[in-house]
Amino acid sequence: MPTPSAADLPKAYEPQAVEAKWYRFWEEGGYFKPRPNPERKPFVISMPPPNVTGALHLGHGITSTVEDILIRYHRMLGDETLWVPGEDHAGIATQTVVERLIAKEGTDRHKLGREAFLERVWQWVHQYKGRIQDQHRRLGASCDWSRERFTLDEGLSHAVREVFVSLYEEGLIYRGERIINWCPRCMSALSDLEVNHVDTPGKLTYVRYPLKPVEGESETRTRYISVATTRPETILGDTAIAVNPKDARYKDIVGRLAIVPVVGREIPIVADEAVDLAFGTGAVKVTPAHDPTDFEIGLRHKLPAVQVIGFDAIMTKEAGPYAGQDRYEARKNLVAELERQGLVVKIEDYNVPLGHCQRCDTVVEPLISKQWFVKMKPLATPAIGAVKHGLIRIVPERFNKTYMDWLENIHDWCISRQLWWGHRIPVWYCETCGEMSVSREDVTACLHCHSTAVRQDEDVLDTWFSSWLWPFSTLGWPGDSADLRRYYPTAVMETGYDIIFFWVARMVMAGIHFMGTVPFSTIYLHGLVRDAKGEKMSKSKNNVIDPLEVMDKFGTDALRFTLATSSTPGNDMKLIEERIVGNRNFANKIWNASRFVLMSTAEVGGGVPDISAVKPRTLADRWILQRLNRLAQSVTRLINDFQLGEAGRQINDFFWSDYCDWYVESAKVQMQGDEAMRQSTTAILRAVLDQSLRLLHPFMPFVTEEVWQHLYRLTESDQSKWPASALIIAPWPTAQEQFVDDEAEQQFSLLQEAITRIRDARNQMNVESARRIPVIMAAGEYVVMLKEQSPLIQFLARTEEPQLHTILESKIEQAMGLLAGSVEIYLPLAGMVDIAKELERIDKEIAQAQQECARLQGKLSNENFVAKAKPEVVAKEREKLVAQEERVTKLETRRAQLAG
């Protein structure tokens, strides 16, 4: 790497010229690996593994940015810091992507066969794993790539087997027939969390069921019971009608039989407390094969389950005349038949919360199926206690309720999926004795009768069954590895709030159950990234932003800083391009200010002193060190409290305003002083720049590392060793008690206010920028301080030497009066403008404005115009009149000032 100098810094910052260089330097130099520090507790993050379904999106961008900020911060604190990267095999999602790919080739997985299809999936995975890792590198993710993991790695697969078998042996995994969510497109079971419920306009159909006559009842006059349903096609699978036992309307018919329309099946009327008295007619049809609540009612009343909708969403032979029809076609035809028979009471518009497959958006069907389940209540109870008793902190805290509500009302988890891609269920069925063998190792002979006629379960496990083990399986569990002993539990689980159920809560359950302790102490939940209008990004809306395109255009630091500072924990953020542009400008500001400091101090010498060793000589010195001191305290507190956005904003304000706009400008005056002043000013310029770069580094790693290396190059006696170190491991700034100086902050703030007031007055009076103007001040107790700061006032406000008084004995004529705190400031107008010419110009403007007022008043007093013109036109003319009248008032006030 060539040796740089201050003059080597190009005039403009070019991100593409430095980003790849420094990432390669960090990675090859081993800076991402944990550095042993037995005196401090390790800080560990497990990266939420992206799905290997394609390129990273902005959701991954904010995840990577937030986690990298935390990792770089703790690395600079001296913590033994580890960030474990990895990717998820993403069962349904990845299989769906590859199936679409081979469909374009005119084939499908069944034609290929399981083995050949899985080979195609692995080809896809190898391609996109590498792409995802390269994209994380582009984002600056300082994770330990030597520990990268994939959820189908051999070690993680071993962990999955161990967990499945252990839970089975504990009686927490079972196989049974239950109502599950079935996707007819993916042809697989889904967990409750993989179903998106969307309120959809539908119909509520009220249908009459004839009651079977009883002894003594007229057979010529049929009695009916009415029910309301949003799914009329499932009438064909009804095996009962249920009413609430407290409902007086139906007490006399409980126990009787009703007749299912069209198919003529006799079904009982049962009483069950699950029935809502307020819904529909208070009587509900019971279809155990197609509704989870009905399934439970069926179990309680020993009702048969008749499946009339197949796994392909086509009506089965049990649907009688509608067999072979699509479910929605059958609905339409059945309702028409019911209407023909006079059995439809009424049809109402009704919003139906339809469940959609999260992956393909197909409407799911609740169907009875034999699947594998995990009993969740025993696992959920300790996870509830972990948050309730403070072992885990959730940021923001309002998600505690979300977490608790789900765990306290948890259902058993359906973990089997009818897919080929994923962890194959470690269960073998014996064709000789009919027993199951559940094993940690592959089974070649039945564990019961030793027959070799065994076949493995065709299904795979839910994707989340491997990723809920992520915090410890990636560290070597179930083995007893050094990493597991040192780095578990991890510190922070940072992810989007939208997977708090899918993943976060399940990791807590698994960590406590298998490791005996929580997997992390903090859960940090970020919001979703939305477009500038606040809409969710989607390809269909054509509003998806590719992070790579943004980084190519504006630089990685600009994107990272925008993502970090545009949101607060748990809240969605709008990604607005203007903000990215503003943060690219901030990167340029860092570059330009640093370049100026390096070049203007290069000949003075003195290197970059430790911040604790600098000696302030001026009010500006004391002020900037006080401001830096406060900033270091505040930013440290904010990052520890996960308020990363506010931390970034405060650093931005300090660097741009305090350091660049005020101290660097003040330093230009101080550098004109004697050698001692030049040396001390140079030391503070460089030391504060050094500290600023350290504070900024976690947010904007590339531009800060590049500048920092140039800054420290000036201190190297042996230039061939450059770079001798790296900002990535430079110690984090800490507060220095000797720089606490509230007096300096109060005095310099007054000076800033005075200078700002004078600058604003110059702009108001259109004074040429090069012209120095006279200034008179009645400074009271601040007269001595302001005399000392006179050179700064002259330089920064472009004034003549200020005339300073404790108090003024007489009024200053023809002067603009200003106030900065308790300091009176007078700017003689004759010193700013040619009064005679300015009065002449103002008089002309007043005349023009008065003439326009008269015209508008005449127009608005014309009743014909007011009556016939559009209201918005009349309103516009009135607004113009008000504006002109205000202009006359301001001009007359200014004239009075000039005239004295």
# chains A, B, ... in the order shown; residues from 1 in each chain; ligands from 1
>>> residues_around(residues="Asn588 (chain A)", least_positions_apart="2", cutoff="12 Å", atoms="only C-alpha atoms", output="list in words")
Pro10, Lys11, Ala12, Tyr13, Glu14, Pro15, Phe554, Gly555, Asp557, Ala558, Val581, Gly582, Asn583, Arg584, Asn585, Phe586, Ile590, Trp591, Asn592, Ala593, Ser594, Arg595, Trp656, Met700, Val703, Thr704 and Val707 of chain A
>>> select_by_dssp(residues="region 217-404 of chain A", states="strand (DSSP E)", output="ChimeraX atom specification")
/A:224-229,240-243,257-259,266-271,283-286,344-357,365-374,393-395
>>> select_by_dssp(residues="region 5-72 of chain A", states="helix (DSSP H, G or I)", output="PyMOL selection string")
chain A and resi 6-8+15-28+58-72
>>> residues_around(residues="Leu689 (chain A)", least_positions_apart="5", cutoff="10 Å", atoms="only C-alpha atoms", output="JSON, numbers by chain")
{"A": [590, 593, 594, 597, 598, 608, 655, 659, 660, 683, 684, 694, 695, 707, 708, 711]}
>>> write_last_selection(atoms="C-alpha atoms", output="PDB file, in the first residue's frame")
ATOM      1  CA  ILE A 590     -15.667  15.312   6.447  1.00  0.00           C
ATOM      2  CA  ALA A 593     -12.557  19.749   6.344  1.00  0.00           C
ATOM      3  CA  SER A 594     -10.002  17.020   7.034  1.00  0.00           C
ATOM      4  CA  VAL A 597      -6.796  20.691   8.477  1.00  0.00           C
ATOM      5  CA  LEU A 598      -4.121  18.309   7.195  1.00  0.00           C
ATOM      6  CA  VAL A 608      -1.679  13.923  16.697  1.00  0.00           C
ATOM      7  CA  PHE A 655     -18.664  17.964  13.233  1.00  0.00           C
ATOM      8  CA  TYR A 659     -15.958  21.838  14.508  1.00  0.00           C
ATOM      9  CA  CYS A 660     -16.095  22.960  10.871  1.00  0.00           C
ATOM     10  CA  ALA A 683      -2.672  20.098  18.289  1.00  0.00           C
ATOM     11  CA  ILE A 684      -6.324  20.763  19.096  1.00  0.00           C
ATOM     12  CA  ARG A 694     -13.429   7.749  16.044  1.00  0.00           C
ATOM     13  CA  LEU A 695     -16.977   8.712  17.026  1.00  0.00           C
ATOM     14  CA  VAL A 707      -8.886  10.222   6.544  1.00  0.00           C
ATOM     15  CA  TRP A 708      -7.609   8.785   9.843  1.00  0.00           C
ATOM     16  CA  LEU A 711      -3.941  12.003   9.752  1.00  0.00           C
TER      17      LEU A 711
END
>>> closest_residue(among="A:Pro321, A:Tyr487, A:Arg759, A:Arg178", to="Trp83 (chain A)", atoms="only C-alpha atoms")
A:Tyr487
>>> residues_around(residues="region 465-478 of chain A", least_positions_apart="5", cutoff="8 Å", atoms="only C-alpha atoms", output="PyMOL selection string")
chain A and resi 46+84+88+149+151+155-160+162+415+483-484+487-490+503-504+506-507+510-511+519
>>> atom_distance(atom1="CA of Phe373 (chain A)", atom2="CA of Gln95 (chain A)")
22.0 Å
>>> residues_around(residues="Phe520 (chain A)", least_positions_apart="3", cutoff="8 Å", atoms="only C-alpha atoms", output="ChimeraX atom specification")
/A:392,489-493,508,523
>>> write_last_selection(atoms="N, CA and C atoms", output="PDB file, in the first residue's frame")
ATOM      1  N   ILE A 392     -34.097 -10.738  29.885  1.00  0.00           N
ATOM      2  CA  ILE A 392     -34.005 -10.222  28.523  1.00  0.00           C
ATOM      3  C   ILE A 392     -34.701  -8.872  28.472  1.00  0.00           C
ATOM      4  N   PRO A 489     -23.925 -17.063  26.362  1.00  0.00           N
ATOM      5  CA  PRO A 489     -24.927 -16.454  25.497  1.00  0.00           C
ATOM      6  C   PRO A 489     -24.372 -15.238  24.746  1.00  0.00           C
ATOM      7  N   THR A 490     -25.017 -14.899  23.644  1.00  0.00           N
ATOM      8  CA  THR A 490     -24.632 -13.720  22.874  1.00  0.00           C
ATOM      9  C   THR A 490     -25.161 -12.474  23.590  1.00  0.00           C
ATOM     10  N   ALA A 491     -24.860 -11.307  23.039  1.00  0.00           N
ATOM     11  CA  ALA A 491     -25.232 -10.056  23.707  1.00  0.00           C
ATOM     12  C   ALA A 491     -26.551  -9.489  23.195  1.00  0.00           C
ATOM     13  N   VAL A 492     -26.640  -9.321  21.882  1.00  0.00           N
ATOM     14  CA  VAL A 492     -27.788  -8.628  21.288  1.00  0.00           C
ATOM     15  C   VAL A 492     -28.340  -9.439  20.135  1.00  0.00           C
ATOM     16  N   MET A 493     -29.664  -9.565  20.079  1.00  0.00           N
ATOM     17  CA  MET A 493     -30.322 -10.085  18.886  1.00  0.00           C
ATOM     18  C   MET A 493     -31.016  -8.903  18.230  1.00  0.00           C
ATOM     19  N   VAL A 508     -35.491 -17.761  22.006  1.00  0.00           N
ATOM     20  CA  VAL A 508     -35.475 -17.676  23.464  1.00  0.00           C
ATOM     21  C   VAL A 508     -35.865 -19.028  24.060  1.00  0.00           C
ATOM     22  N   ILE A 523     -32.951  -7.772  23.044  1.00  0.00           N
ATOM     23  CA  ILE A 523     -33.591  -7.919  21.730  1.00  0.00           C
ATOM     24  C   ILE A 523     -33.833  -6.505  21.201  1.00  0.00           C
TER      25      ILE A 523
END
>>> closest_residue(among="A:Asp572, A:Glu809, A:Asp79, A:Glu194", to="Cys414 (chain A)", atoms="only C-alpha atoms")
A:Glu194
>>> residues_around(residues="Gly264 (chain A)", least_positions_apart="2", cutoff="12 Å", atoms="only C-alpha atoms", output="list of chain:residue names")
A:Tyr209, A:Pro210, A:Leu211, A:Lys212, A:Ile235, A:Leu236, A:Gly237, A:Asp238, A:Thr239, A:Leu257, A:Ala258, A:Ile259, A:Val260, A:Pro261, A:Val262, A:Glu266, A:Ile267, A:Ala319, A:Gly320
>>> write_last_selection(atoms="C-alpha atoms", output="PDB file, in the first residue's frame")
ATOM      1  CA  TYR A 209     -81.274 -26.376   7.337  1.00  0.00           C
ATOM      2  CA  PRO A 210     -84.455 -28.465   7.585  1.00  0.00           C
ATOM      3  CA  LEU A 211     -84.992 -30.207  10.926  1.00  0.00           C
ATOM      4  CA  LYS A 212     -85.848 -33.878  10.775  1.00  0.00           C
ATOM      5  CA  ILE A 235     -71.705 -27.029   3.946  1.00  0.00           C
ATOM      6  CA  LEU A 236     -71.129 -30.263   2.038  1.00  0.00           C
ATOM      7  CA  GLY A 237     -68.777 -31.413   4.851  1.00  0.00           C
ATOM      8  CA  ASP A 238     -71.004 -30.427   7.809  1.00  0.00           C
ATOM      9  CA  THR A 239     -71.370 -33.073  10.507  1.00  0.00           C
ATOM     10  CA  LEU A 257     -81.224 -33.904  13.814  1.00  0.00           C
ATOM     11  CA  ALA A 258     -80.933 -31.456  10.932  1.00  0.00           C
ATOM     12  CA  ILE A 259     -80.593 -32.264   7.227  1.00  0.00           C
ATOM     13  CA  VAL A 260     -77.588 -30.963   5.308  1.00  0.00           C
ATOM     14  CA  PRO A 261     -78.948 -29.303   2.151  1.00  0.00           C
ATOM     15  CA  VAL A 262     -78.204 -30.890  -1.231  1.00  0.00           C
ATOM     16  CA  GLU A 266     -78.485 -36.153   8.898  1.00  0.00           C
ATOM     17  CA  ILE A 267     -76.450 -34.262  11.489  1.00  0.00           C
ATOM     18  CA  ALA A 319     -68.743 -33.223  -2.258  1.00  0.00           C
ATOM     19  CA  GLY A 320     -71.273 -35.257  -4.251  1.00  0.00           C
TER      20      GLY A 320
END
